[in-house]
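Visitor: Pasting in a structure now, in structure tokens, and then I'll have a few things to ask.
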Number of protein chains: 2
Amino acid sequence: MKQHQISKVWNAGEKCEQCAIRHLVLFADLKKSDFELIHRPINEFNLPVGATLYHPGDRSESIYTLREGLVKLVTYLVDGTVRVVRIIKKGDVVGLEALDGKNYFHHAIVLEDASFCRIPVSQIETLNEHSPHLAKQLTSRWQRVISDADLWLSKLSSGFAKQRVAYLLLYLAEDGGDQAVYLPSRDDMGAMLAITTETASRIVAALKREGIINVVSTHRALIDKTRLTELCEN
Amino acid sequence: MKQHQISKVWNAGEKCEQCAIRHLVLFADLKKSDFELIHRPINEFNLPVGATLYHPGDRSESIYTLREGLVKLVTYLVDGTVRVVRIIKKGDVVGLEALDGKNYFHHAIVLEDASFCRIPVSQIETLNEHSPHLAKQLTSRWQRVISDADLWLSKLSSGFAKQRVAYLLLYLAEDGGDQAVYLPSRDDMGAMLAITTETASRIVAALKREGIINVVSTHRALIDKTRLTELCEN
DNA sequence: CGACTCGATTGATAATTATCAACGGTTTGA
DNA sequence: TCAAACCGTTGATAATTATCAATCGAGTCG
């Protein structure tokens, strides 16, 4: 049975195509014998919108890759204010602090039905001793988190509210082609951009009136990237 | 001669005490024979206030540890706005993006006379094959950068300007004991906190009047941590 | 020494955003 | 089906911050 399951993962090219594990080159470079070793304790699971993957302070023994869906990382300030400090997109890794032996820092909350792959830290450590490729990929993951954080600091947390909203939408649209973008609740937008719910709402409403964004469902909208980009620049 | 120099570094406990390399455990765990291999190409150098360590886009072949001094990492937005996205303190590592084969992302500008230790990426890679301790330390460094970024996002980029200033001063005072804190120019404060120079100036001036901060030299001030903490909370 | 420059400060005013409040539409559940 | 809850929107007003402009003080240079 286990053998069957492992083979399934091995062959599950479709899902793994988007899986961060795939990009971590764990799959590409290891022999099939290693493969069993890797994948046995790794498991996949789903969480619905609103669910919590972990809370701050939770003991961390795994990192997670997001196969599908969207997740926000949330911090509460002493005065009760909520701040979303990061968005985890499909293919991203969450909970990297586990690799440093730290407890989780944030609330990780599902924004869109999510599918995760849980990877025990012990597994990563074992693999690190076998292959240098994993280390390279981890480096790259860390780096991505950092440059993302820089972007949030520079573009999503300064300037006029309207520009921030524009940047946010463009950010959410990244590597999503021309598909409809995830449109956060106005509350979440506020928490992401350090503005109030009302301000976020006003701006989104205005953008809708101007035809720059077109809501197609509760949390999906088509956006005019060109005009949004213009908004950012002036 | 070279032998002499190497021995000098080997024995230079005083400076290395504060050096990130020390914390990276390169020194602690390696044999003296390895040590030569490590330290030959590593060199130390100084830069004065205002100097630039690197520009964005510069080809990166080294990471740097800051032995002494203070450095800011700066980004320019498309509209010309300047944003300081990070402060590098004594013992911190700068330019980690080099390990991911990326060009540098920011302007790294010296705020207080700085002493750096340049470590070629190739050296890191070589060492990584020898010792798992280095990898651990690198993980830890990355983690620190990320949690710092989270702090900047949550505390230094939201809330009222006065609170942000208070947080900034407390942040700069971290692990500095009761010594005088580095007091940035009002321009830099603005760029760090996403407020204008004038607002920063008004707030600093007010804090001085209230006796919460006491300027002892151009860029040094004594601060009342207790009262600053209170400011953050209400 | 005096003119000059630079950074900090302050004032007056405008712009932006927050706050408080109300309303409409949708969904949920009794 | 109706009430309740929730979310988004909008209005009116207050608070905060930005902007434009001027002044002050320290330090520099001819």
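Scheme for the structure tokens: letters A, B, ... for chains in order shown; per-chain residue numbers from 1; ligand numbers from 1 in order shown.
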Could you name the residues that touch range 224-231 of chain A at 7 Å or less, counting only C-alpha atoms (C1' of nucleotides), but leaving out those on the same chain fewer than 6 positions away, as a list in words?
Guide: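 The contact residues come out as Gln163, Ala166, Leu170, Ile212 and Ile213 of chain A.
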Visitor: Identify, on the basis of only C-alpha atoms (C1' of nucleotides), every residue whose closest approach to DT10 in chain C does not exceed 10 Å; exclude the query and any residue fewer than 2 positions from it along the same chain; express the result as number ranges by chain.
Guide: B: 198, 201-202; C: 8, 12; D: 22-24
Visitor: At a cut-off of 12 Å, which residues of chain D touch chain A? Count only C-alpha atoms (C1' of nucleotides) and give the answer as an mmCIF file with C-alpha atoms (C1' of nucleotides), in the first residue's frame.
Guide:
```cif
data_model
loop_
_atom_site.group_PDB
_atom_site.id
_atom_site.type_symbol
_atom_site.label_atom_id
_atom_site.label_comp_id
_atom_site.auth_asym_id
_atom_site.auth_seq_id
_atom_site.Cartn_x
_atom_site.Cartn_y
_atom_site.Cartn_z
ATOM 1 C "C1'" DC D 6 -21.938 40.197 7.453
ATOM 2 C "C1'" DC D 7 -19.690 42.723 3.903
ATOM 3 C "C1'" DG D 8 -19.204 46.474 0.918
ATOM 4 C "C1'" DT D 9 -20.252 51.076 0.091
ATOM 5 C "C1'" DT D 10 -20.976 55.898 0.896
ATOM 6 C "C1'" DG D 11 -21.416 60.350 3.523
ATOM 7 C "C1'" DT D 17 0.194 64.011 7.613
ATOM 8 C "C1'" DA D 18 1.997 66.292 3.403
#
```
Visitor: Could you tell me how far CA of Ala108 in chain A sits from CA of Lys155 in chain A, in Å to one decimal place?
Guide: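 A separation of 22.4 Å between them.
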Visitor: Give me the chain A side of the contact with chain B, cut-off 8 Å, one line per residue showing its nearest atom pair and distance in Å at one decimal, counting only C-alpha atoms, sorted by chain and residue number, as CSV.
Guide:
```
residue,atom,partner,partner_atom,distance
A:Thr75,CA,B:Ser154,CA,7.3
A:Leu77,CA,B:Ser154,CA,7.3
A:Val78,CA,B:Glu233,CA,6.4
A:Asp79,CA,B:Glu233,CA,5.9
A:Arg83,CA,B:Ser154,CA,6.2
A:Val85,CA,B:Asp150,CA,6.4
A:Leu96,CA,B:Gln143,CA,8.0
A:Glu97,CA,B:Gln143,CA,6.4
A:Leu99,CA,B:Thr139,CA,7.2
A:Asp100,CA,B:Ser140,CA,5.7
A:Lys136,CA,B:Asp100,CA,7.5
A:Thr139,CA,B:Asp100,CA,6.2
A:Ser140,CA,B:Asp100,CA,5.7
A:Trp142,CA,B:Trp142,CA,6.5
A:Gln143,CA,B:Glu97,CA,6.4
A:Val145,CA,B:Ile146,CA,7.3
A:Ile146,CA,B:Ile146,CA,6.0
A:Ala149,CA,B:Ala149,CA,6.2
A:Asp150,CA,B:Val85,CA,6.4
A:Trp152,CA,B:Leu153,CA,7.6
A:Leu153,CA,B:Leu153,CA,6.1
A:Ser154,CA,B:Arg83,CA,6.2
A:Lys155,CA,B:Leu77,CA,7.6
A:Ser157,CA,B:Ser157,CA,6.3
A:Ser158,CA,B:Ala194,CA,5.6
A:Gly159,CA,B:Ala194,CA,7.7
A:Ala194,CA,B:Ser158,CA,5.6
A:Glu233,CA,B:Asp79,CA,5.8
A:Asn234,CA,B:Asp79,CA,6.8
```
Visitor: Grab the residues selected above and save them as a PDB file, in the first residue's frame with C-alpha atoms.
Guide:
```
ATOM      1  CA  THR A  75       0.506  39.486  12.903  1.00  0.00           C
ATOM      2  CA  LEU A  77       0.196  44.336  17.099  1.00  0.00           C
ATOM      3  CA  VAL A  78       0.062  45.205  20.766  1.00  0.00           C
ATOM      4  CA  ASP A  79      -2.735  47.699  20.182  1.00  0.00           C
ATOM      5  CA  ARG A  83      -1.315  43.378   9.847  1.00  0.00           C
ATOM      6  CA  VAL A  85       2.751  40.684   6.407  1.00  0.00           C
ATOM      7  CA  LEU A  96      10.554  28.318   6.890  1.00  0.00           C
ATOM      8  CA  GLU A  97      11.267  29.445  10.431  1.00  0.00           C
ATOM      9  CA  LEU A  99      14.267  25.178   9.715  1.00  0.00           C
ATOM     10  CA  ASP A 100      15.840  27.515  12.217  1.00  0.00           C
ATOM     11  CA  LYS A 136      20.524  25.589  -3.254  1.00  0.00           C
ATOM     12  CA  THR A 139      18.624  29.382  -0.404  1.00  0.00           C
ATOM     13  CA  SER A 140      16.507  30.442  -3.274  1.00  0.00           C
ATOM     14  CA  TRP A 142      14.762  32.236   1.612  1.00  0.00           C
ATOM     15  CA  GLN A 143      15.835  34.768  -0.895  1.00  0.00           C
ATOM     16  CA  VAL A 145      10.810  35.592   0.932  1.00  0.00           C
ATOM     17  CA  ILE A 146      13.229  38.410   1.555  1.00  0.00           C
ATOM     18  CA  ALA A 149       9.339  41.450   2.028  1.00  0.00           C
ATOM     19  CA  ASP A 150      11.306  44.254   0.417  1.00  0.00           C
ATOM     20  CA  TRP A 152       5.926  44.887   0.557  1.00  0.00           C
ATOM     21  CA  LEU A 153       7.954  47.454   2.412  1.00  0.00           C
ATOM     22  CA  SER A 154       8.722  49.622  -0.551  1.00  0.00           C
ATOM     23  CA  LYS A 155       5.579  49.401  -2.617  1.00  0.00           C
ATOM     24  CA  SER A 157       3.446  50.204   2.591  1.00  0.00           C
ATOM     25  CA  SER A 158       4.264  53.654   1.317  1.00  0.00           C
ATOM     26  CA  GLY A 159       2.773  56.186  -1.006  1.00  0.00           C
ATOM     27  CA  ALA A 194      -1.846  49.611   6.379  1.00  0.00           C
ATOM     28  CA  GLU A 233       3.772  55.798 -11.475  1.00  0.00           C
ATOM     29  CA  ASN A 234       2.148  59.162 -11.005  1.00  0.00           C
TER      30      ASN A 234
END
```
Visitor: Run DSSP on the backbone and grab whatever in chain B lands in alpha helix (DSSP H); send it over as a PyMOL selection string.
Guide: chain B and resi 2-11+13-16+20-23+26-29+32-39+121-130+132-154+161-173+186-193+197-209+225-233
Visitor: What are the closest atom pairs, with distances in Å to one decimal, for all residues of chain C lying within 9 Å of chain A? Consider only C-alpha atoms (C1' of nucleotides), order rows by chain and residue number, and present the result as a tab-separated table.
Guide:
```
residue	atom	partner	partner_atom	distance
C:DT16	C1'	A:Phe160	CA	8.0
C:DT17	C1'	A:Thr199	CA	7.3
C:DA18	C1'	A:Thr196	CA	7.2
```
Visitor: Let me see the file: selected residues, N, CA and C atoms (P, O5', C5', C4', C3', O3' and C1' of nucleotides), as a PDB file, in the first residue's frame.
Guide:
```pdb
ATOM      1  P    DT C  16      -4.714  64.477  -2.440  1.00  0.00           P
ATOM      2  O5'  DT C  16      -4.615  63.514  -1.177  1.00  0.00           O
ATOM      3  C5'  DT C  16      -3.360  63.316  -0.558  1.00  0.00           C
ATOM      4  C4'  DT C  16      -3.558  62.515   0.697  1.00  0.00           C
ATOM      5  C3'  DT C  16      -4.421  61.265   0.515  1.00  0.00           C
ATOM      6  O3'  DT C  16      -3.640  60.159   0.906  1.00  0.00           O
ATOM      7  C1'  DT C  16      -5.118  62.529   2.414  1.00  0.00           C
ATOM      8  P    DT C  17      -4.240  58.692   0.772  1.00  0.00           P
ATOM      9  O5'  DT C  17      -4.844  58.476   2.228  1.00  0.00           O
ATOM     10  C5'  DT C  17      -3.987  58.635   3.353  1.00  0.00           C
ATOM     11  C4'  DT C  17      -4.784  58.549   4.637  1.00  0.00           C
ATOM     12  C3'  DT C  17      -5.707  57.332   4.727  1.00  0.00           C
ATOM     13  O3'  DT C  17      -5.309  56.607   5.879  1.00  0.00           O
ATOM     14  C1'  DT C  17      -6.839  59.307   5.379  1.00  0.00           C
ATOM     15  P    DA C  18      -6.215  55.479   6.500  1.00  0.00           P
ATOM     16  O5'  DA C  18      -6.941  56.243   7.693  1.00  0.00           O
ATOM     17  C5'  DA C  18      -6.150  56.873   8.691  1.00  0.00           C
ATOM     18  C4'  DA C  18      -7.001  57.283   9.884  1.00  0.00           C
ATOM     19  C3'  DA C  18      -7.863  56.186  10.489  1.00  0.00           C
ATOM     20  O3'  DA C  18      -7.864  56.363  11.909  1.00  0.00           O
ATOM     21  C1'  DA C  18      -9.267  57.915   9.669  1.00  0.00           C
TER      22       DA C  18
END
```
Visitor: Which residues come within 12 Å of DG27 in chain D, counting only C-alpha atoms (C1' of nucleotides), excluding same-chain residues fewer than 6 positions away, as a list in words?
Guide: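 Answer for this query is DC4, DT5, DC6 and DG7 of chain C.
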Visitor: Give the strand (DSSP E or B) residues of range 32-98 of chain A, as DSSP finds them on the backbone, and put them as number ranges by chain.
Guide: A: 43-47, 52-54, 62-76, 82-88, 93-94
Visitor: As an exercise, work out the distance from CA of Arg164 in chain B to CA of Ile87 in chain A in Å and give it to one decimal place.
Guide: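 If I compute the distance from CA of Arg164 in chain B to CA of Ile87 in chain A, I get 23.3 Å.
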Visitor: Between CA of Asp113 in chain A and C1' of DG24 in chain C, what is the distance in Å, rounded to a tenth?
Guide: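 Pair CA of Asp113 in chain A / C1' of DG24 in chain C returns 28.9 Å.
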Visitor: May I have the residues within 6 Å of Ala51 in chain A as a list in words, using only C-alpha atoms (C1' of nucleotides) and disregarding those fewer than 3 positions away in the same chain?
Guide: Pro48, Ile109 and Val110 of chain A
